[in-house]
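Structure, as structure tokens:
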Amino acid sequence: MRKLVVVETKLLIREPGALFSLLIPLFILVVFGSTIQPGDTVLLPMAVAIAVGLVALYMVPTTLATYRERGVLRRLAATPVRPGNLLLVQLVLQLVLAVTACALLVAVAGTVLGARLPARVGAVVLVFALGTAAMFAIGLLIAAAAPNGRAANGIGVLLYFPMAYLAGLMQPVDQMPDIVARVGEYTPLGAFGQSLRDVWAGAAPGPLPLGVMAAYAVVVSVAAARLFRWE
Amino acid sequence: MAVIEVTGLRKRYADLTVLDGVSFSVDEGEIFGILGPNGTGKTTVVECVEGLRRPDEGTIRVLGLDPIKDGRALRERIGVQLQQTMLPDTIKVREALDLYASFYADPRDWRELLVEWGLADKRDARFGKLSGGQKQRLFIALALVGKPQVAFLDELTTGLDPQARRATWELIKRVRASGVTVVLVSHFMDEVEELCDRVAILDRGRVVAIDTPGGLVGDEHRMRFTLMGDDEVELGGVPGVTGVSRTGRRMTVTGTGDFATAVTAHLARHHVLVSELRIDKRTLEDAFTALTGRSFD
């Protein structure tokens, strides 16, 4: 198991997508960071939501579907080690990647840009955990349903843009048509972004977005587990 | 001693019967071939034996173990090379061997395997940069890293050029020489004739024959020639001849042993001139056609 973690970590680091998932949100943060007021509560939550969205919809499905397509999981099933171990290691590593991306954003925003950091650490952890779980569930569903790695990659990217738009990551929510903003509240990324903005502003996260994220996390991961094929 | 015993294996997918009562046994130390055209269930048979698939009916014992119930214990003792599997392109050769070695309780030193399989100078190369032959050598090395008693090799030489195929054959002989029983799945006649001690021929989910390649081919061969004149030729009594047929001036003679020499001597003695003389050695392909009533491809 230790070797599996070491080797999979090396493979993840060699994956250009991992670097993009770290750098794209950071790039957005730095570009828009020059225009924000000190104590801004919007930009950093947006960058965090983008980072989690990229890892969940781009890295998770592509990696897992490629492993299945190439028979890596099947080959592992022919050894004394269960292929489920590889899935577990991958999920943990992708989670570490998402946490790293967000930590990087918070560090840069907090020091260089002087953006506001939330005081309620417990609420931030809860929102991050629920949002990441909901988004990873979607990534897993794509991995389960996609016929191969290329398709998983395409579906992930195609799904990312409308989700990011509905979540107000491309245009602030208050400038969006009302109906679109309402729909956005019921998407996982939208609920995640809303909760993040709430806690960043110093408020408690609302029950609706928390419930939306929890519902997606449970329902979609059950669907993914049912649909998942080892080969 | 039989290391693999398979009895009455059946497997259906929806309304398609893939295996329809397959039985065979493999003895310790032999190279056992499973031969058949594509789509006849060869891979399904070995995947059931490896415990990767659950048969609908039938019993399987490998090294005395049930592949489903004792799956983990069995997989410690077998090595597998699967058809159409790849590794991630970015993994390095030594990382793959080191990783797979870590899966087994008592693995071989993978550094030795690197040298044995001619991959020492590729130890830091990424999988995606290897040639087809190098990838196949790595797959064999991965199948052997757990010190298996039985190695399963599925369509090992598909996609390799003739030179790489022959080199791979020599490697498989080396695996057997080291005391490992080998189960070789193939749709190449020449490969099976060259390597296998015994062969099971599979056709449409059934075993149609199990024998040595020589036993399957038999020692009956065929010679054909065209008569230069309209002579009447009587060849039935020539030693070794088992059959004679004639269409116009074209004659086909089948026989065993040294019948061809006897026939040409007989023709010469009777001053019969012939042309376009050909002797065809019977092949496994002919044996397959004779057994199944259809051609191999």
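Each chain of the structure tokens is named A, B, ... in the order shown, its residues numbered from 1; ligands are numbered from 1 in display order.
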Distance table requested - chain A against chain B, cut-off 9 Å, only C-alpha atoms: one row per qualifying residue with the closest atom pair and its distance in Å to one decimal, ordered by chain and rising residue number, as JSON lines.
{"residue": "A:Met1", "atom": "CA", "partner": "B:Ser102", "partner_atom": "CA", "distance": 8.0}
{"residue": "A:Arg2", "atom": "CA", "partner": "B:Ser102", "partner_atom": "CA", "distance": 8.8}
{"residue": "A:Lys3", "atom": "CA", "partner": "B:Leu99", "partner_atom": "CA", "distance": 5.8}
{"residue": "A:Leu4", "atom": "CA", "partner": "B:Leu99", "partner_atom": "CA", "distance": 6.4}
{"residue": "A:Val7", "atom": "CA", "partner": "B:Glu95", "partner_atom": "CA", "distance": 6.9}
{"residue": "A:Glu8", "atom": "CA", "partner": "B:Ile91", "partner_atom": "CA", "distance": 8.9}
{"residue": "A:Lys10", "atom": "CA", "partner": "B:Ile91", "partner_atom": "CA", "distance": 8.3}
{"residue": "A:Leu11", "atom": "CA", "partner": "B:Thr90", "partner_atom": "CA", "distance": 6.3}
{"residue": "A:Arg14", "atom": "CA", "partner": "B:Thr90", "partner_atom": "CA", "distance": 7.0}
{"residue": "A:Glu15", "atom": "CA", "partner": "B:Thr90", "partner_atom": "CA", "distance": 8.1}
{"residue": "A:Thr66", "atom": "CA", "partner": "B:Pro88", "partner_atom": "CA", "distance": 8.5}
{"residue": "A:Tyr67", "atom": "CA", "partner": "B:Pro88", "partner_atom": "CA", "distance": 7.5}
{"residue": "A:Glu69", "atom": "CA", "partner": "B:Thr85", "partner_atom": "CA", "distance": 8.5}
{"residue": "A:Arg70", "atom": "CA", "partner": "B:Met86", "partner_atom": "CA", "distance": 5.1}
{"residue": "A:Gly71", "atom": "CA", "partner": "B:Thr85", "partner_atom": "CA", "distance": 4.5}
{"residue": "A:Val72", "atom": "CA", "partner": "B:Leu87", "partner_atom": "CA", "distance": 6.0}
{"residue": "A:Arg74", "atom": "CA", "partner": "B:Thr85", "partner_atom": "CA", "distance": 7.8}
{"residue": "A:Arg75", "atom": "CA", "partner": "B:Leu82", "partner_atom": "CA", "distance": 6.9}
{"residue": "A:Leu76", "atom": "CA", "partner": "B:Tyr100", "partner_atom": "CA", "distance": 8.8}
{"residue": "A:Ala77", "atom": "CA", "partner": "B:Leu52", "partner_atom": "CA", "distance": 7.0}
{"residue": "A:Ala78", "atom": "CA", "partner": "B:Arg75", "partner_atom": "CA", "distance": 6.4}
{"residue": "A:Thr79", "atom": "CA", "partner": "B:Arg75", "partner_atom": "CA", "distance": 5.4}
{"residue": "A:Pro80", "atom": "CA", "partner": "B:Arg75", "partner_atom": "CA", "distance": 5.2}
{"residue": "A:Val81", "atom": "CA", "partner": "B:Phe103", "partner_atom": "CA", "distance": 6.0}
{"residue": "A:Arg82", "atom": "CA", "partner": "B:Arg72", "partner_atom": "CA", "distance": 8.9}
Go ahead and write the residues just picked, C-alpha atoms, as a PDB file, in the first residue's frame.
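Saved to selection_3.pdb:
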ATOM      1  CA  MET A   1       0.000   0.000   0.000  1.00  0.00           C
ATOM      2  CA  ARG A   2       2.853   2.388   0.833  1.00  0.00           C
ATOM      3  CA  LYS A   3       4.503   1.765  -2.562  1.00  0.00           C
ATOM      4  CA  LEU A   4       1.162   2.284  -4.265  1.00  0.00           C
ATOM      5  CA  VAL A   7       4.086   5.616  -7.153  1.00  0.00           C
ATOM      6  CA  GLU A   8       0.619   7.127  -7.647  1.00  0.00           C
ATOM      7  CA  LYS A  10       4.747  10.476  -8.579  1.00  0.00           C
ATOM      8  CA  LEU A  11       2.376   9.775 -11.468  1.00  0.00           C
ATOM      9  CA  ARG A  14       3.987  14.039 -13.690  1.00  0.00           C
ATOM     10  CA  GLU A  15       0.442  14.738 -14.913  1.00  0.00           C
ATOM     11  CA  THR A  66      -8.181   6.103 -18.161  1.00  0.00           C
ATOM     12  CA  TYR A  67      -7.140   3.510 -15.573  1.00  0.00           C
ATOM     13  CA  GLU A  69      -9.732   1.904 -20.193  1.00  0.00           C
ATOM     14  CA  ARG A  70      -6.078   0.854 -20.093  1.00  0.00           C
ATOM     15  CA  GLY A  71      -6.869  -2.229 -18.014  1.00  0.00           C
ATOM     16  CA  VAL A  72      -4.809  -0.987 -15.057  1.00  0.00           C
ATOM     17  CA  ARG A  74      -8.119  -5.336 -14.311  1.00  0.00           C
ATOM     18  CA  ARG A  75      -4.394  -6.086 -14.162  1.00  0.00           C
ATOM     19  CA  LEU A  76      -4.378  -5.198 -10.470  1.00  0.00           C
ATOM     20  CA  ALA A  77      -7.296  -7.591  -9.894  1.00  0.00           C
ATOM     21  CA  ALA A  78      -4.953 -10.389 -11.021  1.00  0.00           C
ATOM     22  CA  THR A  79      -2.521  -9.651  -8.164  1.00  0.00           C
ATOM     23  CA  PRO A  80      -3.062 -10.240  -4.423  1.00  0.00           C
ATOM     24  CA  VAL A  81      -3.961  -6.526  -4.097  1.00  0.00           C
ATOM     25  CA  ARG A  82      -7.578  -5.418  -4.573  1.00  0.00           C
TER      26      ARG A  82
END
- DSSP-assigned alpha helix (DSSP H) members of stretch 69-199 of chain B, reported as a ChimeraX atom specification: /B:71-75,93-101,110-116,132-144,162-177,189-195
- Query: Taking into account only C-alpha atoms, which residue in the set A:Thr9, A:Ser21, A:Gln194, A:Thr35 is nearest to A:Cys102?
  - Reply: A:Ser21
- Item | Distance of atom CA of A:Leu88 from atom CA of A:Pro205, expressed in Å to one decimal place | 29.6 Å
- Message: Need the shell around stretch 27-34 of chain B: protein/DNA/RNA residues with any atom at most 8 Å away, counting only C-alpha atoms. Skip same-chain ones fewer than 6 positions apart. Format as a list in words?
- Response: Met1, Ala2, Val3, Ile4, Lys42, Arg176, Gly179, Val180, Thr181, Val182, Val183, Leu184, Val185, Ser186, Val192, Leu195, Cys196, Asp197, Arg198, Val199, Ala200, Ile201 and Leu202 of chain B
- Item | Residue with smallest distance to A:Ile28 - pool A:Ala98, A:Val108, A:Met59, A:Ala103, counting only C-alpha atoms | A:Val108
- Item | Residue with smallest distance to B:Thr158 - pool B:Thr254, B:Gln136, B:Thr292, B:Ser275, counting only C-alpha atoms |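 The closest residue to B:Thr158 is B:Gln136.
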- Which of stretch 4-194 of chain B DSSP labels strand (DSSP E), written as number ranges by chain: B: 4-13, 16-27, 31-35, 57-62, 78-81, 150-154, 181-186
- Message: When you count only C-alpha atoms, which of these residues is closest to A:Met135: A:Val31, A:Ala47, A:Val218, A:Leu22?
- Response: A:Val218
- Task: Mind checking which residues fall within 8 Å of A:Ala145, counting only C-alpha atoms, ignoring those fewer than 6 positions away in the same chain, and posting them as a ChimeraX atom specification?
- Result: /A:224,227-228
Atoms to include: N, CA and C atoms. Write the selected residues as an mmCIF file, in the first residue's frame.
data_model
loop_
_atom_site.group_PDB
_atom_site.id
_atom_site.type_symbol
_atom_site.label_atom_id
_atom_site.label_comp_id
_atom_site.auth_asym_id
_atom_site.auth_seq_id
_atom_site.Cartn_x
_atom_site.Cartn_y
_atom_site.Cartn_z
ATOM 1 N N ALA A 224 -22.942 6.684 -8.843
ATOM 2 C CA ALA A 224 -21.628 6.369 -9.410
ATOM 3 C C ALA A 224 -21.197 4.968 -9.003
ATOM 4 N N LEU A 227 -23.102 2.398 -11.031
ATOM 5 C CA LEU A 227 -22.760 2.368 -12.454
ATOM 6 C C LEU A 227 -21.331 1.904 -12.696
ATOM 7 N N PHE A 228 -20.494 1.948 -11.640
ATOM 8 C CA PHE A 228 -19.076 1.752 -11.875
ATOM 9 C C PHE A 228 -18.771 0.351 -12.395
#
- Message: Need to verify the contact set: A:Val60, 10 Å, only C-alpha atoms, exclusion of same-chain residues closer than 3 positions in sequence. Can you return it as an MDAnalysis selection string?
- Response: chainID A and resid 54:57 63:65 90:91 93:95 135:143 152:153 156
Generate the output file for the selected residues, N, CA and C atoms, as a CSV table (one decimal), in the first residue's frame.
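As written to disk, again.csv reads:
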chain,number,residue,atom,x,y,z
A,54,LEU,N,-12.2,22.2,-10.9
A,54,LEU,CA,-11.3,21.7,-11.9
A,54,LEU,C,-10.8,20.3,-11.5
A,55,VAL,N,-10.4,20.1,-10.2
A,55,VAL,CA,-9.9,18.8,-9.8
A,55,VAL,C,-11.0,17.8,-9.9
A,56,ALA,N,-12.2,18.1,-9.5
A,56,ALA,CA,-13.3,17.2,-9.4
A,56,ALA,C,-13.8,16.8,-10.8
A,57,LEU,N,-13.9,17.8,-11.7
A,57,LEU,CA,-14.5,17.5,-13.0
A,57,LEU,C,-13.5,17.2,-14.1
A,63,THR,N,-8.6,10.6,-14.8
A,63,THR,CA,-7.6,9.6,-14.3
A,63,THR,C,-8.3,8.2,-14.1
A,64,LEU,N,-9.5,8.2,-13.5
A,64,LEU,CA,-10.1,6.9,-13.2
A,64,LEU,C,-10.6,6.2,-14.5
A,65,ALA,N,-11.2,7.0,-15.4
A,65,ALA,CA,-11.7,6.3,-16.6
A,65,ALA,C,-10.5,5.8,-17.4
A,90,GLN,N,-6.2,6.9,-5.2
A,90,GLN,CA,-6.4,8.0,-6.2
A,90,GLN,C,-7.3,9.1,-5.6
A,91,LEU,N,-8.4,8.7,-5.0
A,91,LEU,CA,-9.3,9.7,-4.4
A,91,LEU,C,-8.7,10.5,-3.4
A,93,LEU,N,-5.5,11.1,-3.1
A,93,LEU,CA,-4.5,12.0,-3.7
A,93,LEU,C,-5.2,13.2,-4.4
A,94,GLN,N,-6.3,13.0,-5.0
A,94,GLN,CA,-7.0,14.1,-5.7
A,94,GLN,C,-7.5,15.0,-4.7
A,95,LEU,N,-7.9,14.5,-3.5
A,95,LEU,CA,-8.4,15.4,-2.4
A,95,LEU,C,-7.2,16.2,-1.9
A,135,MET,N,-18.8,17.7,-5.4
A,135,MET,CA,-18.2,17.8,-6.7
A,135,MET,C,-17.4,16.5,-7.1
A,136,PHE,N,-16.8,15.9,-6.1
A,136,PHE,CA,-16.1,14.6,-6.4
A,136,PHE,C,-17.1,13.6,-6.8
A,137,ALA,N,-18.3,13.6,-6.2
A,137,ALA,CA,-19.3,12.6,-6.6
A,137,ALA,C,-19.6,12.7,-8.1
A,138,ILE,N,-19.8,14.0,-8.5
A,138,ILE,CA,-20.0,14.2,-10.0
A,138,ILE,C,-18.9,13.7,-10.8
A,139,GLY,N,-17.7,14.0,-10.4
A,139,GLY,CA,-16.5,13.4,-11.1
A,139,GLY,C,-16.5,11.9,-11.2
A,140,LEU,N,-16.9,11.3,-10.1
A,140,LEU,CA,-16.9,9.8,-10.0
A,140,LEU,C,-18.0,9.3,-10.9
A,141,LEU,N,-19.1,10.0,-11.0
A,141,LEU,CA,-20.2,9.6,-11.9
A,141,LEU,C,-19.8,9.6,-13.3
A,142,ILE,N,-19.0,10.7,-13.7
A,142,ILE,CA,-18.5,10.8,-15.0
A,142,ILE,C,-17.6,9.6,-15.3
A,143,ALA,N,-16.7,9.3,-14.3
A,143,ALA,CA,-15.7,8.2,-14.5
A,143,ALA,C,-16.4,6.9,-14.6
A,152,ALA,N,-14.3,10.8,-20.8
A,152,ALA,CA,-14.5,11.3,-19.5
A,152,ALA,C,-13.9,12.8,-19.4
A,153,ASN,N,-12.8,13.0,-20.0
A,153,ASN,CA,-12.2,14.3,-20.1
A,153,ASN,C,-13.1,15.3,-20.8
A,156,GLY,N,-16.2,16.0,-18.6
A,156,GLY,CA,-15.9,16.8,-17.5
A,156,GLY,C,-15.7,18.3,-17.9
- Query: Between A:Met170, A:Leu158, A:Ala134, A:Ile179, which is the closest to A:Val220 once you count only C-alpha atoms?
  - Reply: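 Closest candidate: A:Ala134.
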